[in-house]
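Here the structure comes first, spelled out in structure tokens, and everything after it is commentary.
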Amino acid sequence: MASLKDLRNRIASVKATRKITQAMQMVAAAKLRRAQEAALAARPYAERMSNVMSNLNKGMTDGGGDSSPLLSGTGKEDVHLLVVMTASRGLCGGFNSNIARKARADIIRLQNEGKTVKLLCVGSKGADALKRDYEQLILKKIDFKAVKRISFAEAEGVSKELLAMFEAGEFDVCTMYFSEFKSVMEQIPTGLQLIPAKFEAADDDDAPKSASAAAIYEYEPNQEELLDFLLQRNIGAQVFRGLLENGASEQGARMTAMDSATRNAGDMIDDLTISYNRQRQAQITKELIEIISGAEAL
């Protein structure tokens, strides 16, 4: 059984830990609002760009033109590049592990199908999670830990590297993994195929918008050059959106994790205090019994 001194030290230690988790929760809450606004603001741009490129590609296909390799692919799906984007810091619950788990499941599936898998890790935690089992598959690790606020420049650097690898023939299909922000309590690990680009079909509610967007336009320069430029731009936009979604999801997950840790620390302090009081009372009672017994013996 722990002594009274040990219990006092343990209570003081847990109280100090609770102060840290409370501070981290407040910092995450302050960062969450800005990160959430940035993530939500990036969604319409990425979605609208996909619609524009979808209409451009449809116009080229109907006109008998050749589609860009970034859209049609290389004609095979033998080599897959998985871009796993996680945080560079921990203490955010299951945020990093959930993304790594989804990527790991796809690695196993692709390898069972006889495909060659390569990994590009953005964020040190994803590389650490996959390093034990798939270290030989990791081509490079990109870390933005020193960057205080993610901008399009970081996303553009990643997209240029992906484009250079694709032009060099290092992969056929590229898929990006990130966590889509839904709420403070919910972040959904998501896999998005970047190359060849895939565009989701418009919903029925968006049919009038799609019809108006599919109107006939004259392009300057020509349609092929414009589509090729937008496809390259789209990769940067999608990477930027993934980084922003990850930023909001990370802060939301950290806020939830630190709130849970703070409450658990409070419960532990209550339990330790009860144990301390019981042991102190038992020790006082024992000393009284010894005093009374000694007095009766005299």
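Every chain in the structure tokens takes a letter, A first, then B, and so on in the order presented; its residues are numbered from 1, and the ligands are numbered from 1 following the presented order.
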
Any idea what's packed within 12 Å of stretch 108-122 of chain A, counting only C-alpha atoms, ignoring anything in its chain fewer than 5 positions away? Could you give it as a CSV table (one decimal) with N, CA, C and O atoms, in the first residue's frame?
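Below you can see out-v5.csv, which holds the result:
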chain,number,residue,atom,x,y,z
A,76,LYS,N,-2.8,2.0,-67.4
A,76,LYS,CA,-2.6,0.8,-66.6
A,76,LYS,C,-2.7,1.3,-65.1
A,76,LYS,O,-2.6,2.4,-64.8
A,77,GLU,N,-2.8,0.3,-64.2
A,77,GLU,CA,-2.9,0.6,-62.8
A,77,GLU,C,-2.0,-0.3,-62.0
A,77,GLU,O,-2.4,-0.9,-61.0
A,78,ASP,N,-0.8,-0.5,-62.4
A,78,ASP,CA,0.2,-1.4,-61.8
A,78,ASP,C,0.8,-0.8,-60.5
A,78,ASP,O,1.1,-1.5,-59.6
A,79,VAL,N,1.2,0.5,-60.6
A,79,VAL,CA,1.9,1.1,-59.5
A,79,VAL,C,1.0,2.2,-58.9
A,79,VAL,O,0.6,3.1,-59.6
A,80,HIS,N,0.8,2.1,-57.6
A,80,HIS,CA,0.0,3.0,-56.8
A,80,HIS,C,0.9,3.8,-55.9
A,80,HIS,O,1.6,3.3,-55.1
A,81,LEU,N,0.7,5.2,-55.9
A,81,LEU,CA,1.4,6.0,-54.9
A,81,LEU,C,0.3,6.5,-53.9
A,81,LEU,O,-0.7,7.1,-54.3
A,82,LEU,N,0.5,6.3,-52.7
A,82,LEU,CA,-0.4,6.7,-51.6
A,82,LEU,C,0.3,7.8,-50.9
A,82,LEU,O,1.3,7.7,-50.3
A,83,VAL,N,-0.4,9.0,-50.9
A,83,VAL,CA,0.1,10.2,-50.2
A,83,VAL,C,-0.7,10.2,-48.8
A,83,VAL,O,-1.9,10.5,-48.8
A,84,VAL,N,0.0,9.9,-47.8
A,84,VAL,CA,-0.6,9.8,-46.4
A,84,VAL,C,-0.3,11.1,-45.7
A,84,VAL,O,0.8,11.4,-45.3
A,85,MET,N,-1.4,11.9,-45.5
A,85,MET,CA,-1.2,13.2,-44.8
A,85,MET,C,-1.7,13.1,-43.4
A,85,MET,O,-2.9,12.8,-43.1
A,86,THR,N,-0.8,13.3,-42.4
A,86,THR,CA,-1.2,13.3,-41.0
A,86,THR,C,-0.6,14.5,-40.3
A,86,THR,O,0.0,15.4,-41.0
A,87,ALA,N,-0.7,14.6,-39.0
A,87,ALA,CA,-0.1,15.7,-38.3
A,87,ALA,C,1.4,15.4,-38.0
A,87,ALA,O,1.8,14.3,-38.1
A,88,SER,N,2.1,16.5,-37.5
A,88,SER,CA,3.4,16.3,-37.1
A,88,SER,C,3.5,16.3,-35.6
A,88,SER,O,4.6,16.2,-35.0
A,96,ASN,N,-4.3,10.7,-36.0
A,96,ASN,CA,-3.3,10.1,-36.9
A,96,ASN,C,-3.4,8.7,-37.1
A,96,ASN,O,-3.2,8.2,-38.3
A,99,ILE,N,-6.1,7.7,-39.9
A,99,ILE,CA,-5.7,7.9,-41.2
A,99,ILE,C,-4.7,6.8,-41.6
A,99,ILE,O,-4.8,6.2,-42.7
A,100,ALA,N,-3.8,6.5,-40.8
A,100,ALA,CA,-2.8,5.5,-41.0
A,100,ALA,C,-3.5,4.1,-41.2
A,100,ALA,O,-3.1,3.3,-42.0
A,101,ARG,N,-4.5,3.9,-40.4
A,101,ARG,CA,-5.2,2.6,-40.5
A,101,ARG,C,-5.9,2.4,-41.8
A,101,ARG,O,-5.9,1.4,-42.4
A,102,LYS,N,-6.5,3.5,-42.3
A,102,LYS,CA,-7.2,3.5,-43.6
A,102,LYS,C,-6.2,3.2,-44.7
A,102,LYS,O,-6.4,2.4,-45.6
A,103,ALA,N,-5.0,3.9,-44.7
A,103,ALA,CA,-4.0,3.7,-45.7
A,103,ALA,C,-3.5,2.3,-45.6
A,103,ALA,O,-3.2,1.7,-46.6
A,127,ALA,N,4.3,8.8,-41.0
A,127,ALA,CA,5.5,8.0,-41.4
A,127,ALA,C,5.9,7.1,-40.2
A,127,ALA,O,6.3,5.9,-40.4
A,128,ASP,N,5.8,7.6,-39.0
A,128,ASP,CA,6.1,6.8,-37.8
A,128,ASP,C,5.1,5.6,-37.7
A,128,ASP,O,5.5,4.5,-37.3
A,129,ALA,N,3.9,5.8,-38.0
A,129,ALA,CA,2.9,4.8,-37.9
A,129,ALA,C,3.1,3.7,-38.9
A,129,ALA,O,2.8,2.5,-38.6
A,130,LEU,N,3.5,4.0,-40.1
A,130,LEU,CA,3.7,3.1,-41.2
A,130,LEU,C,5.1,2.5,-41.3
A,130,LEU,O,5.3,1.6,-42.1
A,131,LYS,N,6.0,3.1,-40.6
A,131,LYS,CA,7.4,2.8,-40.8
A,131,LYS,C,7.7,1.4,-40.3
A,131,LYS,O,8.5,0.7,-40.9
A,133,ASP,N,6.0,-1.4,-40.4
A,133,ASP,CA,5.5,-2.5,-41.4
A,133,ASP,C,5.9,-2.2,-42.8
A,133,ASP,O,6.1,-3.1,-43.6
A,134,TYR,N,6.0,-0.9,-43.2
A,134,TYR,CA,6.2,-0.6,-44.6
A,134,TYR,C,7.3,0.4,-44.8
A,134,TYR,O,7.2,1.3,-45.7
A,135,GLU,N,8.4,0.3,-44.1
A,135,GLU,CA,9.5,1.3,-44.2
A,135,GLU,C,10.1,1.2,-45.6
A,135,GLU,O,10.4,2.3,-46.2
A,136,GLN,N,10.1,0.1,-46.2
A,136,GLN,CA,10.7,-0.1,-47.5
A,136,GLN,C,9.9,0.6,-48.6
A,136,GLN,O,10.3,0.8,-49.8
A,137,LEU,N,8.6,0.9,-48.3
A,137,LEU,CA,7.7,1.5,-49.3
A,137,LEU,C,7.7,3.0,-49.3
A,137,LEU,O,7.3,3.6,-50.2
A,138,ILE,N,8.3,3.6,-48.2
A,138,ILE,CA,8.2,5.0,-48.1
A,138,ILE,C,9.3,5.7,-48.9
A,138,ILE,O,10.5,5.4,-48.7
A,139,LEU,N,8.9,6.5,-49.9
A,139,LEU,CA,9.8,7.1,-50.8
A,139,LEU,C,10.4,8.4,-50.1
A,139,LEU,O,11.6,8.7,-50.2
A,140,LYS,N,9.5,9.1,-49.4
A,140,LYS,CA,10.0,10.4,-48.9
A,140,LYS,C,9.0,10.8,-47.8
A,140,LYS,O,7.8,10.5,-47.8
A,141,LYS,N,9.5,11.6,-46.8
A,141,LYS,CA,8.7,12.2,-45.7
A,141,LYS,C,8.8,13.7,-45.8
A,141,LYS,O,9.9,14.2,-45.8
A,142,ILE,N,7.6,14.4,-45.9
A,142,ILE,CA,7.6,15.8,-45.9
A,142,ILE,C,7.0,16.3,-44.6
A,142,ILE,O,5.9,15.8,-44.2
A,143,ASP,N,7.6,17.2,-43.9
A,143,ASP,CA,7.2,17.6,-42.6
A,143,ASP,C,7.0,19.1,-42.6
A,143,ASP,O,8.0,19.9,-43.0
A,144,PHE,N,5.8,19.6,-42.2
A,144,PHE,CA,5.6,21.0,-42.1
A,144,PHE,C,5.5,21.5,-40.6
A,144,PHE,O,4.8,22.4,-40.3
A,145,LYS,N,6.3,20.8,-39.8
A,145,LYS,CA,6.2,21.1,-38.3
A,145,LYS,C,6.7,22.5,-38.0
A,145,LYS,O,6.2,23.2,-37.1
A,154,GLU,N,3.0,25.6,-49.6
A,154,GLU,CA,3.3,24.2,-49.2
A,154,GLU,C,2.6,23.2,-50.0
A,154,GLU,O,3.2,22.2,-50.4
A,155,ALA,N,1.3,23.4,-50.3
A,155,ALA,CA,0.6,22.5,-51.1
A,155,ALA,C,1.1,22.4,-52.5
A,155,ALA,O,1.2,21.3,-53.1
A,157,GLY,N,4.2,22.9,-53.4
A,157,GLY,CA,5.4,22.2,-53.4
A,157,GLY,C,5.2,20.7,-53.5
A,157,GLY,O,5.8,19.9,-54.2
A,158,VAL,N,4.1,20.2,-52.7
A,158,VAL,CA,3.8,18.8,-52.8
A,158,VAL,C,3.3,18.4,-54.2
A,158,VAL,O,3.6,17.3,-54.7
A,159,SER,N,2.4,19.2,-54.7
A,159,SER,CA,1.8,18.9,-56.0
A,159,SER,C,2.8,18.9,-57.1
A,159,SER,O,2.8,18.0,-58.0
A,161,GLU,N,5.9,18.0,-56.8
A,161,GLU,CA,6.7,16.8,-56.7
A,161,GLU,C,5.9,15.6,-57.2
A,161,GLU,O,6.4,14.7,-57.9
A,162,LEU,N,4.6,15.6,-57.0
A,162,LEU,CA,3.7,14.5,-57.5
A,162,LEU,C,3.7,14.6,-59.0
A,162,LEU,O,3.8,13.5,-59.7
A,165,MET,N,7.0,13.2,-60.4
A,165,MET,CA,7.1,11.8,-60.3
A,165,MET,C,6.2,11.1,-61.4
A,165,MET,O,6.5,10.1,-62.0
A,170,GLU,N,6.9,7.2,-62.5
A,170,GLU,CA,7.1,6.4,-61.2
A,170,GLU,C,5.9,5.8,-60.7
A,170,GLU,O,5.9,5.0,-59.8
A,171,PHE,N,4.7,6.2,-61.1
A,171,PHE,CA,3.4,5.6,-60.6
A,171,PHE,C,2.3,5.8,-61.7
A,171,PHE,O,2.5,6.6,-62.6
A,172,ASP,N,1.3,5.0,-61.5
A,172,ASP,CA,0.1,5.1,-62.5
A,172,ASP,C,-1.1,5.8,-61.8
A,172,ASP,O,-1.8,6.5,-62.5
A,173,VAL,N,-1.3,5.5,-60.5
A,173,VAL,CA,-2.4,6.0,-59.8
A,173,VAL,C,-1.9,6.7,-58.5
A,173,VAL,O,-1.1,6.1,-57.8
A,174,CYS,N,-2.4,7.8,-58.2
A,174,CYS,CA,-2.1,8.5,-56.9
A,174,CYS,C,-3.3,8.8,-56.1
A,174,CYS,O,-4.3,9.4,-56.6
A,175,THR,N,-3.3,8.4,-54.9
A,175,THR,CA,-4.4,8.6,-53.9
A,175,THR,C,-3.9,9.3,-52.7
A,175,THR,O,-2.9,9.0,-52.1
A,176,MET,N,-4.7,10.3,-52.3
A,176,MET,CA,-4.3,11.1,-51.1
A,176,MET,C,-5.2,10.7,-49.9
A,176,MET,O,-6.4,10.6,-50.1
A,177,TYR,N,-4.6,10.6,-48.8
A,177,TYR,CA,-5.4,10.2,-47.6
A,177,TYR,C,-5.3,11.4,-46.6
A,177,TYR,O,-4.2,11.9,-46.2
A,178,PHE,N,-6.4,11.8,-46.1
A,178,PHE,CA,-6.5,12.9,-45.1
A,178,PHE,C,-7.8,12.7,-44.3
A,178,PHE,O,-8.5,11.7,-44.5
A,239,VAL,N,-4.6,19.1,-52.7
A,239,VAL,CA,-3.6,18.9,-51.7
A,239,VAL,C,-3.8,20.0,-50.6
A,239,VAL,O,-3.8,19.7,-49.4
A,240,PHE,N,-4.0,21.2,-51.0
A,240,PHE,CA,-4.2,22.3,-50.1
A,240,PHE,C,-5.5,22.1,-49.3
A,240,PHE,O,-5.5,22.3,-48.1
A,242,GLY,N,-6.8,19.2,-48.6
A,242,GLY,CA,-6.5,18.1,-47.6
A,242,GLY,C,-5.7,18.6,-46.4
A,242,GLY,O,-6.0,18.2,-45.3
A,243,LEU,N,-4.8,19.5,-46.7
A,243,LEU,CA,-4.0,20.0,-45.6
A,243,LEU,C,-4.8,20.9,-44.6
A,243,LEU,O,-4.7,20.8,-43.4
A,246,ASN,N,-7.1,18.6,-42.7
A,246,ASN,CA,-6.3,17.9,-41.6
A,246,ASN,C,-6.1,18.9,-40.5
A,246,ASN,O,-6.1,18.5,-39.3

When you look at A:Ser13 with a cut-off of 12 Å (counting only C-alpha atoms), what residues show up, excluding the ones that are within fewer than 4 positions of it in the same chain? I need them as a PDB file with all heavy atoms, in the first residue's frame.
ATOM      1  N   ASP A   6       3.566   9.259  -0.655  1.00  0.00           N
ATOM      2  CA  ASP A   6       3.437   8.842  -2.060  1.00  0.00           C
ATOM      3  C   ASP A   6       2.109   9.309  -2.650  1.00  0.00           C
ATOM      4  O   ASP A   6       2.052   9.755  -3.797  1.00  0.00           O
ATOM      5  CB  ASP A   6       3.551   7.327  -2.175  1.00  0.00           C
ATOM      6  CG  ASP A   6       4.950   6.831  -1.836  1.00  0.00           C
ATOM      7  OD1 ASP A   6       5.898   7.639  -1.953  1.00  0.00           O
ATOM      8  OD2 ASP A   6       5.089   5.654  -1.452  1.00  0.00           O
ATOM      9  N   LEU A   7       1.039   9.199  -1.859  1.00  0.00           N
ATOM     10  CA  LEU A   7      -0.267   9.640  -2.349  1.00  0.00           C
ATOM     11  C   LEU A   7      -0.302  11.152  -2.562  1.00  0.00           C
ATOM     12  O   LEU A   7      -0.884  11.640  -3.530  1.00  0.00           O
ATOM     13  CB  LEU A   7      -1.361   9.211  -1.364  1.00  0.00           C
ATOM     14  CG  LEU A   7      -1.690   7.714  -1.335  1.00  0.00           C
ATOM     15  CD1 LEU A   7      -2.665   7.402  -0.196  1.00  0.00           C
ATOM     16  CD2 LEU A   7      -2.276   7.264  -2.670  1.00  0.00           C
ATOM     17  N   ARG A   8       0.321  11.904  -1.649  1.00  0.00           N
ATOM     18  CA  ARG A   8       0.371  13.366  -1.824  1.00  0.00           C
ATOM     19  C   ARG A   8       1.144  13.741  -3.091  1.00  0.00           C
ATOM     20  O   ARG A   8       0.726  14.630  -3.849  1.00  0.00           O
ATOM     21  CB  ARG A   8       1.016  14.013  -0.594  1.00  0.00           C
ATOM     22  CG  ARG A   8       0.108  14.109   0.616  1.00  0.00           C
ATOM     23  CD  ARG A   8       0.659  15.107   1.629  1.00  0.00           C
ATOM     24  NE  ARG A   8       1.994  14.721   2.080  1.00  0.00           N
ATOM     25  CZ  ARG A   8       2.211  13.977   3.169  1.00  0.00           C
ATOM     26  NH1 ARG A   8       1.195  13.531   3.896  1.00  0.00           N
ATOM     27  NH2 ARG A   8       3.459  13.678   3.531  1.00  0.00           N
ATOM     28  N   ASN A   9       2.249  13.065  -3.319  1.00  0.00           N
ATOM     29  CA  ASN A   9       3.035  13.340  -4.525  1.00  0.00           C
ATOM     30  C   ASN A   9       2.264  12.986  -5.786  1.00  0.00           C
ATOM     31  O   ASN A   9       2.321  13.702  -6.792  1.00  0.00           O
ATOM     32  CB  ASN A   9       4.354  12.561  -4.482  1.00  0.00           C
ATOM     33  CG  ASN A   9       5.292  13.066  -3.409  1.00  0.00           C
ATOM     34  OD1 ASN A   9       5.178  14.216  -2.978  1.00  0.00           O
ATOM     35  ND2 ASN A   9       6.207  12.219  -2.981  1.00  0.00           N
ATOM     36  N   THR A  17      -0.624  17.716 -14.262  1.00  0.00           N
ATOM     37  CA  THR A  17      -0.986  17.204 -15.588  1.00  0.00           C
ATOM     38  C   THR A  17      -2.322  17.779 -16.045  1.00  0.00           C
ATOM     39  O   THR A  17      -2.497  18.119 -17.219  1.00  0.00           O
ATOM     40  CB  THR A  17      -1.056  15.669 -15.557  1.00  0.00           C
ATOM     41  OG1 THR A  17       0.205  15.147 -15.132  1.00  0.00           O
ATOM     42  CG2 THR A  17      -1.404  15.114 -16.927  1.00  0.00           C
ATOM     43  N   ARG A  18      -3.258  17.908 -15.117  1.00  0.00           N
ATOM     44  CA  ARG A  18      -4.567  18.466 -15.477  1.00  0.00           C
ATOM     45  C   ARG A  18      -4.438  19.918 -15.938  1.00  0.00           C
ATOM     46  O   ARG A  18      -5.148  20.349 -16.856  1.00  0.00           O
ATOM     47  CB  ARG A  18      -5.523  18.366 -14.288  1.00  0.00           C
ATOM     48  CG  ARG A  18      -6.934  18.851 -14.614  1.00  0.00           C
ATOM     49  CD  ARG A  18      -7.903  18.590 -13.476  1.00  0.00           C
ATOM     50  NE  ARG A  18      -7.536  19.316 -12.266  1.00  0.00           N
ATOM     51  CZ  ARG A  18      -8.295  19.323 -11.170  1.00  0.00           C
ATOM     52  NH1 ARG A  18      -9.418  18.623 -11.134  1.00  0.00           N
ATOM     53  NH2 ARG A  18      -7.901  19.993 -10.100  1.00  0.00           N
ATOM     54  N   LYS A  19      -3.554  20.677 -15.319  1.00  0.00           N
ATOM     55  CA  LYS A  19      -3.348  22.057 -15.759  1.00  0.00           C
ATOM     56  C   LYS A  19      -2.818  22.097 -17.189  1.00  0.00           C
ATOM     57  O   LYS A  19      -3.222  22.961 -17.990  1.00  0.00           O
ATOM     58  CB  LYS A  19      -2.363  22.759 -14.823  1.00  0.00           C
ATOM     59  CG  LYS A  19      -2.926  23.052 -13.438  1.00  0.00           C
ATOM     60  CD  LYS A  19      -1.893  23.772 -12.579  1.00  0.00           C
ATOM     61  CE  LYS A  19      -2.458  24.083 -11.193  1.00  0.00           C
ATOM     62  NZ  LYS A  19      -1.453  24.769 -10.336  1.00  0.00           N
ATOM     63  N   ILE A  20      -1.934  21.152 -17.524  1.00  0.00           N
ATOM     64  CA  ILE A  20      -1.378  21.105 -18.875  1.00  0.00           C
ATOM     65  C   ILE A  20      -2.461  20.753 -19.895  1.00  0.00           C
ATOM     66  O   ILE A  20      -2.565  21.380 -20.956  1.00  0.00           O
ATOM     67  CB  ILE A  20      -0.220  20.093 -18.940  1.00  0.00           C
ATOM     68  CG1 ILE A  20       0.937  20.561 -18.063  1.00  0.00           C
ATOM     69  CG2 ILE A  20       0.255  19.901 -20.372  1.00  0.00           C
ATOM     70  CD1 ILE A  20       2.068  19.564 -17.943  1.00  0.00           C
ATOM     71  N   ALA A 265      -8.380  13.144 -15.427  1.00  0.00           N
ATOM     72  CA  ALA A 265      -7.465  13.569 -14.370  1.00  0.00           C
ATOM     73  C   ALA A 265      -8.239  14.001 -13.130  1.00  0.00           C
ATOM     74  O   ALA A 265      -7.834  13.706 -11.995  1.00  0.00           O
ATOM     75  CB  ALA A 265      -6.578  14.713 -14.869  1.00  0.00           C
ATOM     76  N   GLY A 266      -9.374  14.701 -13.332  1.00  0.00           N
ATOM     77  CA  GLY A 266     -10.210  15.092 -12.196  1.00  0.00           C
ATOM     78  C   GLY A 266     -10.747  13.889 -11.448  1.00  0.00           C
ATOM     79  O   GLY A 266     -10.756  13.871 -10.200  1.00  0.00           O
ATOM     80  N   MET A 268      -9.377  10.929 -11.362  1.00  0.00           N
ATOM     81  CA  MET A 268      -8.255  10.279 -10.686  1.00  0.00           C
ATOM     82  C   MET A 268      -7.880  11.022  -9.408  1.00  0.00           C
ATOM     83  O   MET A 268      -7.563  10.399  -8.376  1.00  0.00           O
ATOM     84  CB  MET A 268      -7.048  10.205 -11.632  1.00  0.00           C
ATOM     85  CG  MET A 268      -5.862   9.446 -11.071  1.00  0.00           C
ATOM     86  SD  MET A 268      -4.496   9.311 -12.247  1.00  0.00           S
ATOM     87  CE  MET A 268      -5.261   8.257 -13.494  1.00  0.00           C
ATOM     88  N   ILE A 269      -7.933  12.357  -9.459  1.00  0.00           N
ATOM     89  CA  ILE A 269      -7.636  13.151  -8.258  1.00  0.00           C
ATOM     90  C   ILE A 269      -8.644  12.855  -7.156  1.00  0.00           C
ATOM     91  O   ILE A 269      -8.286  12.708  -5.979  1.00  0.00           O
ATOM     92  CB  ILE A 269      -7.625  14.647  -8.610  1.00  0.00           C
ATOM     93  CG1 ILE A 269      -6.418  14.976  -9.481  1.00  0.00           C
ATOM     94  CG2 ILE A 269      -7.602  15.501  -7.341  1.00  0.00           C
ATOM     95  CD1 ILE A 269      -6.426  16.378 -10.033  1.00  0.00           C
ATOM     96  N   LEU A 272      -7.807   9.393  -5.719  1.00  0.00           N
ATOM     97  CA  LEU A 272      -6.603   9.445  -4.899  1.00  0.00           C
ATOM     98  C   LEU A 272      -6.839  10.186  -3.588  1.00  0.00           C
ATOM     99  O   LEU A 272      -6.294   9.816  -2.532  1.00  0.00           O
ATOM    100  CB  LEU A 272      -5.463  10.115  -5.674  1.00  0.00           C
ATOM    101  CG  LEU A 272      -4.885   9.318  -6.848  1.00  0.00           C
ATOM    102  CD1 LEU A 272      -3.909  10.183  -7.639  1.00  0.00           C
ATOM    103  CD2 LEU A 272      -4.186   8.058  -6.351  1.00  0.00           C
TER     104      LEU A 272
END

Review point. If we count only C-alpha atoms, what is near A:Asn264 at a cut-off of 10 Å, once residues fewer than 6 positions away on the same chain are taken out, given as a count of residues only?
Key: 4

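One finds atom CA of A:Ala168 at 26.8 Å from atom CA of A:Ser151.
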
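The nearest approach to A:Glu186 among the residues A:Lys148, A:Arg280, A:Lys286, A:Arg254, with only C-alpha atoms taken into account, belongs to A:Arg254.
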
Within 7 Å of stretch 220-236 of chain A, which residues of stretch 1-95 of chain A come that close, and what is the closest atom pair and distance in Å for each? Count only C-alpha atoms and give it as CSV.
residue,atom,partner,partner_atom,distance
A:Met49,CA,A:Asn234,CA,6.9
A:Met53,CA,A:Leu227,CA,6.5
A:Leu56,CA,A:Leu227,CA,6.5
A:Ser68,CA,A:Asp228,CA,6.3
A:Leu70,CA,A:Leu231,CA,6.8

Check your understanding: Near stretch 38-48 of chain A, counting only C-alpha atoms, which residues have an atom at most 12 Å away, once you skip same-chain residues fewer than 4 positions from it, shown as a ChimeraX atom specification?
Key -> /A:31-34,52-55,149-152,179-183,198-202,206,209-210,213,230-231,233-251

Practice item. Return as a ChimeraX atom specification the full set of residues in stretch 101-255 of chain A whose backbone-based DSSP assignment is alpha helix (DSSP H). Key: /A:101-112,124-134,152-167,207-213,223-255

Review point. Between A:Lys125, A:Arg10, A:Lys15, A:Lys5, which is the closest to A:Ala261 once you count only C-alpha atoms?
Key: A:Lys15

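Of the listed residues (A:Glu167, A:Gly191, A:Arg263, A:Ile289), A:Glu167 comes nearest to A:Thr74; the distances count only C-alpha atoms.
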
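One distance worth recording is that between atom CA of A:Gly94 and atom CA of A:Thr262, which is 16.8 Å.
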
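The smallest atom-to-atom distance between A:Ala35 and any of A:Ile195, A:Lys160, A:Gly252, A:Phe166, using only C-alpha atoms, is found for A:Gly252.
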
Review point. Which distance in Å separates atom CA of A:Glu156 and atom CA of A:Ala29, to one decimal?
Key: 28.1 Å

Review point. How would you write, as a PyMOL selection string, the set of residues in stretch 68-200 of chain A that DSSP gives as strand (DSSP E or B)?
Key: chain A and resi 79-85+116-122+138-142+173-181+187-195

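Counting only C-alpha atoms, the residue from A:Ser97, A:Ile188, A:Ile11, A:Leu194 that sits nearest to A:Pro69 is A:Leu194.
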
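With only C-alpha atoms as the basis for measurement, A:Arg104 is the residue among A:Ala295, A:Phe95, A:Arg104, A:Gln283 that approaches A:Arg132 most closely.
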